[in-house]
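To be precise, the following lines are structure27.txt, and they hold compact mmCIF, C-alpha atoms.
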# COMPACT_ATOMS: atom_id res chain seq x y z
CA MET A 21 -3.29 25.87 -10.30
CA ILE A 22 0.08 24.32 -9.49
CA ILE A 23 0.50 21.67 -6.80
CA THR A 24 4.02 20.68 -5.79
CA ILE A 25 4.56 17.60 -3.63
CA GLY A 26 7.77 16.98 -1.69
CA ARG A 27 7.76 13.54 -0.11
CA GLN A 28 9.59 10.94 1.90
CA LEU A 29 10.30 7.64 0.13
CA CYS A 30 7.27 5.32 0.58
CA SER A 31 4.97 8.01 1.92
CA GLY A 32 2.58 7.43 -0.99
CA GLY A 33 3.55 10.65 -2.78
CA ARG A 34 3.36 9.18 -6.27
CA ASN A 35 -0.06 7.54 -5.81
CA ILE A 36 -1.48 10.55 -4.03
CA GLY A 37 -0.17 12.98 -6.63
CA LYS A 38 -1.43 10.83 -9.50
CA LYS A 39 -4.89 10.43 -7.99
CA LEU A 40 -5.07 14.12 -7.19
CA SER A 41 -4.21 15.05 -10.77
CA GLU A 42 -6.85 12.65 -12.10
CA GLU A 43 -9.58 13.94 -9.78
CA LEU A 44 -8.72 17.56 -10.53
CA GLY A 45 -8.27 16.83 -14.23
CA ILE A 46 -4.82 18.39 -14.37
CA ALA A 47 -1.41 17.20 -15.62
CA TYR A 48 0.96 15.08 -13.54
CA TYR A 49 4.77 15.15 -13.68
CA ASP A 50 7.08 12.90 -11.72
CA LYS A 51 9.69 10.85 -13.58
CA GLU A 52 8.00 12.09 -16.76
CA LEU A 53 10.12 15.23 -16.31
CA ILE A 54 13.26 13.26 -17.14
CA ALA A 55 12.04 12.25 -20.60
CA ILE A 56 10.81 15.76 -21.35
CA ALA A 57 14.05 17.39 -20.20
CA ALA A 58 16.04 14.91 -22.28
CA LYS A 59 13.92 15.58 -25.33
CA GLU A 60 14.04 19.37 -24.94
CA SER A 61 17.80 19.41 -24.47
CA GLY A 62 18.71 16.71 -26.94
CA LEU A 63 20.74 15.01 -24.21
CA ASN A 64 20.38 11.32 -23.38
CA GLU A 65 17.72 10.37 -20.80
CA LYS A 66 20.19 8.21 -18.90
CA PHE A 67 22.17 11.23 -17.81
CA PHE A 68 19.08 12.89 -16.40
CA GLU A 69 18.26 9.67 -14.60
CA LYS A 70 21.71 9.60 -13.02
CA ALA A 71 21.40 13.21 -11.92
CA ASP A 72 17.75 12.90 -10.85
CA GLU A 73 17.22 14.41 -7.41
CA ARG A 74 20.90 14.13 -6.57
CA THR A 75 23.62 16.65 -5.95
CA GLN A 76 26.91 16.48 -7.81
CA LYS A 77 28.43 14.63 -4.84
CA GLY A 78 25.77 11.96 -5.11
CA VAL A 79 26.54 11.11 -8.71
CA SER A 80 30.17 12.07 -9.18
CA ALA A 81 31.22 8.57 -8.13
CA GLY A 82 29.13 7.16 -10.94
CA LEU A 83 30.28 9.63 -13.58
CA PHE A 84 33.93 9.76 -12.60
CA GLY A 85 36.03 7.81 -15.04
CA SER A 86 33.24 7.68 -17.55
CA ARG A 87 33.16 11.19 -18.83
CA PHE A 88 33.06 9.80 -22.32
CA GLN A 89 29.94 7.72 -22.73
CA PHE A 90 29.14 5.46 -25.66
CA MET A 91 25.64 5.91 -26.96
CA GLY A 92 25.01 4.16 -30.23
CA ASP A 93 27.24 5.76 -32.80
CA ALA A 94 28.21 8.74 -30.76
CA THR A 95 30.81 9.06 -28.03
CA ILE A 96 29.89 12.16 -26.14
CA ALA A 97 31.49 13.94 -23.23
CA TYR A 98 28.38 14.09 -21.04
CA GLY A 99 30.47 13.52 -17.93
CA TRP A 100 31.68 17.09 -18.28
CA LEU A 101 28.18 18.44 -17.76
CA SER A 102 27.59 19.12 -14.08
CA ASN A 103 24.45 18.25 -12.17
CA ASP A 104 23.79 21.96 -11.99
CA THR A 105 23.38 21.91 -15.77
CA PHE A 106 20.85 19.08 -15.59
CA PHE A 107 19.07 20.93 -12.78
CA LYS A 108 18.96 24.10 -14.87
CA ILE A 109 17.49 22.26 -17.88
CA GLN A 110 14.89 20.51 -15.70
CA SER A 111 14.01 23.83 -14.03
CA ASP A 112 13.33 25.41 -17.41
CA VAL A 113 11.09 22.45 -18.30
CA ILE A 114 9.16 22.77 -15.01
CA ARG A 115 8.66 26.53 -15.49
CA SER A 116 7.56 26.09 -19.07
CA LEU A 117 5.06 23.30 -18.23
CA ALA A 118 3.63 25.36 -15.37
CA GLU A 119 3.07 28.28 -17.71
CA LYS A 120 1.04 26.18 -20.13
CA GLN A 121 -1.36 24.40 -17.78
CA SER A 122 -2.38 23.38 -14.27
CA CYS A 123 -0.18 20.55 -12.96
CA VAL A 124 1.03 18.42 -10.09
CA PHE A 125 4.83 18.20 -9.76
CA ILE A 126 6.45 15.52 -7.63
CA GLY A 127 9.77 16.46 -6.00
CA ARG A 128 12.63 18.05 -7.96
CA CYS A 129 12.48 21.33 -6.00
CA ALA A 130 9.45 22.43 -8.05
CA ASP A 131 8.20 24.51 -5.09
CA TYR A 132 11.43 26.50 -5.16
CA ILE A 133 11.71 26.68 -8.94
CA LEU A 134 8.15 28.10 -9.10
CA ARG A 135 8.50 30.31 -6.01
CA ASP A 136 7.58 33.52 -7.84
CA ARG A 137 4.15 32.22 -8.89
CA LYS A 138 1.19 33.03 -6.67
CA ASP A 139 -0.85 29.98 -7.66
CA CYS A 140 1.38 27.30 -6.12
CA PHE A 141 0.20 25.07 -3.33
CA ASN A 142 3.25 23.39 -1.79
CA LEU A 143 2.81 20.11 0.05
CA PHE A 144 5.10 17.70 1.86
CA LEU A 145 4.06 14.13 2.58
CA SER A 146 5.56 11.95 5.30
CA ALA A 147 4.54 8.57 6.72
CA ASP A 148 5.21 6.54 9.84
CA LYS A 149 8.70 5.01 9.91
CA GLU A 150 7.49 1.45 10.39
CA GLU A 151 4.99 1.71 7.53
CA ARG A 152 7.71 3.01 5.21
CA ILE A 153 10.10 0.23 6.19
CA ASN A 154 7.42 -2.42 5.60
CA LYS A 155 6.71 -0.97 2.16
CA ILE A 156 10.42 -1.04 1.27
CA ILE A 157 10.68 -4.69 2.44
CA GLU A 158 7.68 -5.61 0.27
CA SER A 159 8.62 -3.68 -2.85
CA GLN A 160 12.36 -4.38 -2.85
CA ASN A 161 12.33 -7.80 -1.16
CA VAL A 162 15.03 -6.90 1.39
CA SER A 163 15.70 -7.52 5.09
CA VAL A 164 14.49 -5.12 7.81
CA GLU A 165 18.06 -3.88 8.33
CA LYS A 166 18.54 -3.24 4.63
CA ALA A 167 15.15 -1.51 4.42
CA ARG A 168 16.14 0.80 7.28
CA ASP A 169 19.35 1.72 5.46
CA ILE A 170 17.46 2.37 2.21
CA ARG A 171 14.98 4.64 4.01
CA GLU A 172 17.69 6.61 5.78
CA ASP A 173 19.79 6.90 2.64
CA ALA A 174 16.84 8.11 0.55
CA ASP A 175 15.95 10.78 3.14
CA LYS A 176 19.56 11.96 3.26
CA LYS A 177 19.91 12.16 -0.52
CA ARG A 178 16.62 14.01 -1.04
CA ALA A 179 17.48 16.43 1.76
CA ALA A 180 20.98 17.06 0.34
CA TYR A 181 19.52 17.73 -3.12
CA TYR A 182 16.73 20.02 -1.91
CA ASN A 183 18.87 21.93 0.59
CA TYR A 184 21.62 22.43 -2.02
CA TYR A 185 19.38 23.88 -4.71
CA THR A 186 16.93 25.86 -2.55
CA ASN A 187 17.51 28.12 0.45
CA LYS A 188 15.09 25.98 2.44
CA THR A 189 15.18 22.78 4.47
CA TRP A 190 13.77 19.54 3.04
CA GLY A 191 10.96 18.14 5.18
CA ALA A 192 10.82 21.19 7.49
CA ALA A 193 7.24 22.35 8.09
CA ALA A 194 8.25 25.96 7.42
CA SER A 195 9.32 25.10 3.84
CA TYR A 196 5.79 24.13 2.73
CA ASP A 197 2.16 25.27 2.95
CA ILE A 198 0.88 21.99 4.37
CA CYS A 199 2.57 18.78 5.54
CA ILE A 200 0.58 15.61 6.03
CA ASN A 201 1.43 12.28 7.66
CA THR A 202 -0.25 9.99 5.12
CA SER A 203 -0.29 7.04 7.56
CA LEU A 204 -3.10 8.80 9.34
CA PHE A 205 -5.35 9.35 6.33
CA GLY A 206 -4.33 6.79 3.69
CA VAL A 207 -4.14 7.59 -0.04
CA ASP A 208 -7.84 8.42 -0.56
CA GLY A 209 -8.13 10.32 2.72
CA THR A 210 -5.06 12.41 1.94
CA VAL A 211 -6.28 13.18 -1.58
CA SER A 212 -9.66 14.35 -0.30
CA LEU A 213 -7.98 16.39 2.45
CA ILE A 214 -5.71 18.15 -0.03
CA LYS A 215 -8.66 18.97 -2.28
CA GLU A 216 -10.54 20.52 0.66
CA MET A 217 -7.48 22.54 1.64
CA ILE A 218 -7.03 23.89 -1.85
CA THR A 219 -10.68 24.93 -2.02
CA LYS A 220 -10.41 26.57 1.40
CA SER A 221 -7.21 28.41 0.57
CA MET A 222 -8.78 29.68 -2.67
CA THR A 223 -11.92 30.84 -0.88
CA ILE A 224 -9.86 32.68 1.71
CA HIS A 225 -7.68 34.37 -0.89
CA LYS A 226 -10.69 35.37 -2.96
CA ASN A 227 -12.23 36.97 0.12
CA ILE A 228 -9.13 39.03 0.88
CA MET B 27 -9.53 13.72 22.20
CA ILE B 28 -6.14 15.34 22.72
CA ILE B 29 -4.76 18.01 20.39
CA THR B 30 -1.14 19.05 20.75
CA ILE B 31 0.14 22.14 18.97
CA GLY B 32 3.82 22.81 18.36
CA ARG B 33 4.35 26.28 16.88
CA GLN B 34 6.76 28.89 15.69
CA LEU B 35 6.72 32.19 17.59
CA CYS B 36 4.05 34.45 16.03
CA SER B 37 2.45 31.74 13.93
CA GLY B 38 -0.87 32.30 15.74
CA GLY B 39 -0.59 29.07 17.76
CA ARG B 40 -2.09 30.54 20.92
CA ASN B 41 -5.11 32.13 19.22
CA ILE B 42 -5.74 29.11 17.04
CA GLY B 43 -5.45 26.68 19.95
CA LYS B 44 -7.72 28.80 22.14
CA LYS B 45 -10.39 29.17 19.46
CA LEU B 46 -10.19 25.48 18.64
CA SER B 47 -10.70 24.55 22.29
CA GLU B 48 -13.69 26.91 22.54
CA GLU B 49 -15.34 25.60 19.37
CA LEU B 50 -14.76 21.98 20.38
CA GLY B 51 -15.76 22.69 23.98
CA ILE B 52 -12.57 21.19 25.41
CA ALA B 53 -9.91 22.42 27.85
CA TYR B 54 -6.96 24.58 26.79
CA TYR B 55 -3.48 24.57 28.34
CA ASP B 56 -0.63 26.84 27.38
CA LYS B 57 1.06 28.91 30.07
CA GLU B 58 -1.67 27.63 32.39
CA LEU B 59 0.50 24.53 32.79
CA ILE B 60 3.06 26.54 34.72
CA ALA B 61 0.62 27.52 37.45
CA ILE B 62 -0.74 24.00 37.71
CA ALA B 63 2.72 22.42 37.84
CA ALA B 64 3.74 24.91 40.52
CA LYS B 65 0.64 24.19 42.57
CA GLU B 66 0.97 20.42 42.26
CA SER B 67 4.62 20.42 43.21
CA GLY B 68 4.52 23.12 45.85
CA LEU B 69 7.40 24.87 44.05
CA ASN B 70 7.30 28.54 43.13
CA GLU B 71 5.79 29.46 39.77
CA LYS B 72 8.78 31.66 38.92
CA PHE B 73 11.07 28.69 38.63
CA PHE B 74 8.75 26.98 36.19
CA GLU B 75 8.62 30.20 34.20
CA LYS B 76 12.41 30.32 34.04
CA ALA B 77 12.59 26.70 32.92
CA ASP B 78 9.60 26.98 30.56
CA GLU B 79 10.40 25.46 27.17
CA ARG B 80 14.13 25.80 27.75
CA THR B 81 16.91 23.32 28.21
CA GLN B 82 19.29 23.53 31.17
CA LYS B 83 21.78 25.35 28.97
CA GLY B 84 19.18 28.00 28.21
CA VAL B 85 18.52 28.87 31.82
CA SER B 86 21.75 27.98 33.59
CA ALA B 87 23.01 31.51 32.97
CA GLY B 88 19.98 32.84 34.78
CA LEU B 89 20.15 30.43 37.68
CA PHE B 90 23.90 30.40 38.09
CA GLY B 91 24.93 32.30 41.17
CA SER B 92 21.40 32.41 42.43
CA ARG B 93 20.89 28.87 43.60
CA PHE B 94 19.45 30.28 46.77
CA GLN B 95 16.39 32.32 46.03
CA PHE B 96 14.53 34.53 48.44
CA MET B 97 10.82 34.01 48.34
CA GLY B 98 8.98 35.69 51.14
CA ASP B 99 10.05 34.11 54.39
CA ALA B 100 11.82 31.15 52.86
CA THR B 101 15.24 30.92 51.30
CA ILE B 102 15.13 27.81 49.20
CA ALA B 103 17.71 26.02 47.10
CA TYR B 104 15.64 25.86 43.94
CA GLY B 105 18.71 26.42 41.84
CA TRP B 106 19.76 22.88 42.63
CA LEU B 107 16.75 21.51 40.85
CA SER B 108 17.58 20.86 37.23
CA ASN B 109 15.38 21.71 34.28
CA ASP B 110 14.88 17.99 33.88
CA THR B 111 13.08 18.03 37.21
CA PHE B 112 10.78 20.83 36.09
CA PHE B 113 10.19 18.96 32.84
CA LYS B 114 9.36 15.79 34.76
CA ILE B 115 6.86 17.62 37.00
CA GLN B 116 5.22 19.32 34.01
CA SER B 117 5.08 16.02 32.13
CA ASP B 118 3.20 14.42 35.02
CA VAL B 119 0.76 17.34 35.01
CA ILE B 120 0.19 17.00 31.24
CA ARG B 121 -0.40 13.24 31.51
CA SER B 122 -2.77 13.64 34.42
CA LEU B 123 -4.81 16.41 32.70
CA ALA B 124 -5.04 14.33 29.50
CA GLU B 125 -6.39 11.38 31.48
CA LYS B 126 -9.19 13.46 32.95
CA GLN B 127 -10.55 15.22 29.87
CA SER B 128 -10.20 16.25 26.23
CA CYS B 129 -7.74 19.09 25.83
CA VAL B 130 -5.57 21.25 23.63
CA PHE B 131 -1.92 21.53 24.75
CA ILE B 132 0.34 24.23 23.36
CA GLY B 133 4.05 23.33 23.09
CA ARG B 134 5.99 21.79 25.98
CA CYS B 135 6.63 18.51 24.12
CA ALA B 136 3.08 17.36 24.88
CA ASP B 137 3.06 15.28 21.67
CA TYR B 138 6.05 13.31 22.96
CA ILE B 139 4.88 13.13 26.56
CA LEU B 140 1.55 11.66 25.40
CA ARG B 141 3.08 9.46 22.65
CA ASP B 142 1.57 6.25 24.04
CA ARG B 143 -2.01 7.52 23.71
CA LYS B 144 -3.92 6.65 20.55
CA ASP B 145 -6.22 9.68 20.70
CA CYS B 146 -3.63 12.40 20.10
CA PHE B 147 -3.70 14.63 17.07
CA ASN B 148 -0.31 16.35 16.76
CA LEU B 149 -0.07 19.63 14.89
CA PHE B 150 2.69 22.06 14.05
CA LEU B 151 1.95 25.64 13.00
CA SER B 152 4.32 27.83 11.03
CA ALA B 153 3.87 31.20 9.32
CA ASP B 154 5.65 33.24 6.67
CA LYS B 155 8.88 34.80 7.92
CA GLU B 156 7.88 38.36 7.03
CA GLU B 157 4.50 38.05 8.73
CA ARG B 158 6.16 36.78 11.90
CA ILE B 159 8.71 39.59 11.87
CA ASN B 160 5.97 42.20 11.42
CA LYS B 161 4.04 40.73 14.33
CA ILE B 162 7.14 40.85 16.55
CA ILE B 163 7.77 44.49 15.56
CA GLU B 164 4.16 45.38 16.44
CA SER B 165 3.90 43.44 19.69
CA GLN B 166 7.35 44.20 21.08
CA ASN B 167 7.90 47.62 19.51
CA VAL B 168 11.36 46.79 18.18
CA SER B 169 13.36 47.42 14.98
CA VAL B 170 13.30 45.03 12.01
CA GLU B 171 16.81 43.82 12.86
CA LYS B 172 15.89 43.18 16.48
CA ALA B 173 12.70 41.41 15.39
CA ARG B 174 14.72 39.12 13.12
CA ASP B 175 17.02 38.24 16.01
CA ILE B 176 14.06 37.55 18.31
CA ARG B 177 12.48 35.26 15.73
CA GLU B 178 15.67 33.33 15.11
CA ASP B 179 16.45 33.05 18.79
CA ALA B 180 12.94 31.80 19.63
CA ASP B 181 13.13 29.12 16.91
CA LYS B 182 16.54 27.98 18.14
CA LYS B 183 15.45 27.78 21.77
CA ARG B 184 12.23 25.90 21.03
CA ALA B 185 14.10 23.50 18.77
CA ALA B 186 16.82 22.91 21.39
CA TYR B 187 14.20 22.21 24.06
CA TYR B 188 12.10 19.88 21.90
CA ASN B 189 15.05 18.00 20.39
CA TYR B 190 16.61 17.54 23.83
CA TYR B 191 13.55 16.03 25.49
CA THR B 192 12.13 14.04 22.58
CA ASN B 193 13.80 11.79 20.00
CA LYS B 194 12.27 13.92 17.26
CA THR B 195 13.10 17.14 15.42
CA TRP B 196 11.19 20.34 16.19
CA GLY B 197 9.37 21.70 13.17
CA ALA B 198 10.15 18.67 10.98
CA ALA B 199 7.07 17.46 9.10
CA ALA B 200 7.81 13.86 10.11
CA SER B 201 7.44 14.72 13.82
CA TYR B 202 3.75 15.64 13.51
CA ASP B 203 0.47 14.46 11.97
CA ILE B 204 -0.22 17.73 10.17
CA CYS B 205 1.73 20.97 9.72
CA ILE B 206 0.04 24.12 8.52
CA ASN B 207 1.37 27.45 7.30
CA THR B 208 -1.15 29.71 9.03
CA SER B 209 -0.32 32.66 6.74
CA LEU B 210 -2.24 30.85 4.03
CA PHE B 211 -5.45 30.28 5.99
CA GLY B 212 -5.53 32.84 8.82
CA VAL B 213 -6.74 32.05 12.34
CA ASP B 214 -10.35 31.17 11.45
CA GLY B 215 -9.38 29.26 8.31
CA THR B 216 -6.78 27.22 10.18
CA VAL B 217 -9.22 26.42 13.00
CA SER B 218 -11.86 25.20 10.56
CA LEU B 219 -9.24 23.19 8.63
CA ILE B 220 -8.04 21.46 11.80
CA LYS B 221 -11.61 20.60 12.77
CA GLU B 222 -12.21 19.02 9.36
CA MET B 223 -8.97 17.03 9.58
CA ILE B 224 -9.84 15.69 13.00
CA THR B 225 -13.28 14.59 11.80
CA LYS B 226 -11.71 12.98 8.73
CA SER B 227 -9.02 11.18 10.72
CA MET B 228 -11.66 9.87 13.15
CA THR B 229 -13.89 8.64 10.31
CA ILE B 230 -10.96 6.87 8.66
CA HIS B 231 -9.90 5.18 11.88
CA LYS B 232 -13.44 4.10 12.63
CA ASN B 233 -13.65 2.55 9.15
CA ILE B 234 -10.44 0.55 9.59

With the file now loaded, output its structure as structure tokens.
Amino acid sequence: MIITIGRQLCSGGRNIGKKLSEELGIAYYDKELIAIAAKESGLNEKFFEKADERTQKGVSAGLFGSRFQFMGDATIAYGWLSNDTFFKIQSDVIRSLAEKQSCVFIGRCADYILRDRKDCFNLFLSADKEERINKIIESQNVSVEKARDIREDADKKRAAYYNYYTNKTWGAAASYDICINTSLFGVDGTVSLIKEMITKSMTIHKNI
Amino acid sequence: MIITIGRQLCSGGRNIGKKLSEELGIAYYDKELIAIAAKESGLNEKFFEKADERTQKGVSAGLFGSRFQFMGDATIAYGWLSNDTFFKIQSDVIRSLAEKQSCVFIGRCADYILRDRKDCFNLFLSADKEERINKIIESQNVSVEKARDIREDADKKRAAYYNYYTNKTWGAAASYDICINTSLFGVDGTVSLIKEMITKSMTIHKNI
């Protein structure tokens, strides 16, 4: 069983995904994918971090002028690798992990990368605007105005990344199996709801 | 309890809403709203039908050149009434019905019209593209190409109408409490899922 979770910033996606994986006894991959992709490819983790959930446009400013990066003894031309390359490496990692075991994947277009599998349950989590802004204020210690900018910017970047690499629309109901406003159910409520949905969808498909 | 259902054409919204209302023993309003709005306002039902879930742009072609409509004995300048007027009348009807009883409302921006109520559960239903196209072919006896156009056109019109009258985005997960791909659960499965969600959301809110 594969569960993919697209999510708005501060919608509780990480906590919900983690709890879900624990209760179902299956693997969980969020930022963990970066370390694995780095290890598999032999490329430095920092470059995957820079490219993480961003399109080329989003990171080119950061990489421009620093195509040659110093890393310990080696000066390597990582700047010449495009984000598409990092995406391709990460996609291979996601596919290979999904083949080995049941897992929860957070973000990174996993729903699209695994689109040919029949055992994927694709979720999207949103939350009320005000709740998200309050969480950003708390966690990043910023003003309301700044928190609003951070929220908007994060949504734009995630949408740009998802829409660029998939032929679907980030956050659009039609791109997922189920979308849930987590403000309505909380972390525990959402986890239990998702578990019920998975059971129901399995029962229905077994009956067909 | 108020349940509002936004839906893609051929996602089963009507059947699901109707069944839900029957099982919960509450009222159901879809096209019924047109007749009620017409009766309440004293205006002819046909004009509400023309304006139904469309923006001014969507109907102006139809009304242009026919501002004076013959209806029995009376020639009346209904063309001069804008779609905003029809929307306003229908909104009043929706608010008044919701005050009197529990109901299910299909489409017509009911989620936005009733946004100040705390007892609304706002759903959006989608379905797989191919399933929707097959349903259109069956129900309207058209070619695949024509069915594709009908689907696309319906989505565009509903989105234009919703986005114009609300400050939200039609079909975007963040505009609703829950979005469900009905292809995964079928009519009965979706109905039973919605009932469970409503119970769960009520329990959670009671516990807070």

Expected answer as number ranges by chain: chain B residues within 9 Å of chain A, all atoms listed in the file: B: 34, 150-155, 196-212, 215, 219, 222-223, 226-227, 230-231

Within 12 Å of region 54-56 of chain A using only C-alpha atoms, minus same-chain residues under 4 positions, as number ranges by chain: A: 49-50, 60-73, 106-107, 109-114, 116-117, 126, 128

Pick from B:Leu140, B:Arg80, B:Ile162, B:Leu35, whichever lies nearest to Asp110 (chain B) using all atoms listed in the file: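 Among the listed residues, B:Arg80 lies closest to Asp110 (chain B).
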
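With distances restricted to only C-alpha atoms, A:Ala47 is the closest residue to Lys120 (chain A) from A:Ile36, A:Val211, A:Ala47, A:Ile218.
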
Coordinates-based distance that separates CA of Gly38 (chain B) from CA of Val130 (chain B) (Å, one decimal): 14.4 Å

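CA of Glu156 (chain B) sits 25.8 Å away from CA of Lys57 (chain B).
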
Closest of A:Thr105, A:Ser31, A:Asn183, A:Thr24 to Asn154 (chain A) - atom-to-atom distances counting only C-alpha atoms: A:Ser31

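A straight line drawn from CA of Leu46 (chain B) to CA of Asp142 (chain B) is 23.2 Å long.
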
Among the residues A:Glu165, A:Arg152, A:Lys59, A:Glu42, the one that comes closest to Ser122 (chain A) [using only C-alpha atoms]: A:Glu42
